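**Student:** Would you mind keeping the following structure in view while I ask a few things?
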Amino acid sequence: MNDELPNILEQYLDTPDPGRLRPPASTHAPRILLLYGSLRERSYSRLLAEEAARLLRRFGAETRIFNPSGLPLPDDASAEHPRVVELRRLSEWSEGQVWCSPERHGNMTGILKSQIDWLPLAYRGIRPTQGRTLAVMQVCGGSQSFNAVNNMRILGRWMRMITIPNQSSVPKAYEQFDEEGRMKPSAYYNRVVDVMEELVKFTLLTRDCAHYLVDRYSERVDNDRPVLSGEAPMEHAVSR
């Protein structure tokens, strides 16, 4: 077998280095942003996001929940709109995210999608989502479905995020929360615990080397950035 690679530009080729996947570990709490996809007064996606945030804090994370009320439709306002600026700053702050949406017409809601659409792949030289971990969850008005979480996984990949394997889908969400808005004990609640535990683990595992995990040959070629011996990590790839 001929192992020659005549199409490769050697100066941009970076052979994966296990040592760079084990940098010094950060000691601050993992920073997790939670987004939800409904503006109803009793929004079950919001209640599920709030329950997830409680669990994340129990696992040692710092959390922020973005309220999408007042966020304009994509392209219907300037990127300098205060709610857009707030959302983008929270995304830059985050090291991991949770997306939680009702399923509507077999998909995530426009409210959830609009939040993601305001997060471009590049913003002021920073990628607001690239390399961050992601957990996806949905609430259902009827029987259990996975359409919304499956489509959010596609979206997460498009946004260059590290989407964890586990996920949560809560059927008949109106039966799963008490009058105070707390999730009742159930197998569905246990799955939410599983997902948040896994998200924190993956965030701790990847956050310090995310810049290296998402550094790409094609982008090094496009940016004329040759690989140097002992090259320092690309700190701009994931903001801190």
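Chain labels run A, B, ... following the order of the structure tokens; each chain numbers its residues from 1, and ligands are numbered from 1 in the order shown.
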Could you give me, as a PyMOL selection string, the residues within 7 Å of Trp118 of chain A, counting only C-alpha atoms and dropping anything in the same chain fewer than 2 positions from it?
**Tutor:** chain A and resi 74+84+114-116+120
**Student:** Write out as a list in words each polymer residue whose atoms come within 8 Å of Trp99 of chain A, counting only C-alpha atoms; drop sequence neighbours fewer than 5 positions from it.
**Tutor:**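 Listing them by chain and then by number gives Leu34, Leu35, Tyr36, Leu112, Leu134, Ala135, Val136, Met137 and Met152 of chain A.
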**Student:** Write out as JSON lines the residues of segment 35-145 of chain A that have any atom within 10 Å of an atom of segment 175-187 of chain A, one row each with the nearest atom pair and its distance in Å to one decimal, counting only C-alpha atoms, sorted by chain and then rising number.
**Tutor:**
{"residue": "A:Arg42", "atom": "CA", "partner": "A:Gly181", "partner_atom": "CA", "distance": 8.2}
{"residue": "A:Ser43", "atom": "CA", "partner": "A:Gly181", "partner_atom": "CA", "distance": 9.4}
{"residue": "A:Tyr44", "atom": "CA", "partner": "A:Phe177", "partner_atom": "CA", "distance": 8.1}
{"residue": "A:Arg46", "atom": "CA", "partner": "A:Gly181", "partner_atom": "CA", "distance": 9.5}
{"residue": "A:Leu47", "atom": "CA", "partner": "A:Gly181", "partner_atom": "CA", "distance": 6.1}
{"residue": "A:Leu48", "atom": "CA", "partner": "A:Met183", "partner_atom": "CA", "distance": 7.4}
{"residue": "A:Glu50", "atom": "CA", "partner": "A:Arg182", "partner_atom": "CA", "distance": 8.7}
{"residue": "A:Glu51", "atom": "CA", "partner": "A:Met183", "partner_atom": "CA", "distance": 6.9}
{"residue": "A:Ala52", "atom": "CA", "partner": "A:Met183", "partner_atom": "CA", "distance": 9.9}
{"residue": "A:Val139", "atom": "CA", "partner": "A:Gln176", "partner_atom": "CA", "distance": 9.9}
{"residue": "A:Gly141", "atom": "CA", "partner": "A:Glu175", "partner_atom": "CA", "distance": 9.6}
**Student:** Which residues come within 7 Å of Asn107 of chain A, counting only C-alpha atoms, excluding same-chain residues fewer than 4 positions away, as a list of chain:residue names?
**Tutor:**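 Non-adjacent residues within range: A:Glu103, A:Asn147, A:Ala148, A:Asn151.
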**Student:** Using only C-alpha atoms, determine which residues lie at most 9 Å from Arg64 of chain A, disregarding the query and same-chain residues fewer than 2 positions distant; provide the list as a list in words.
**Tutor:** Arg31, Ile32, Leu33, Leu34, Leu35, Ala53, Glu62, Phe66, Leu90 and Ser94 of chain A
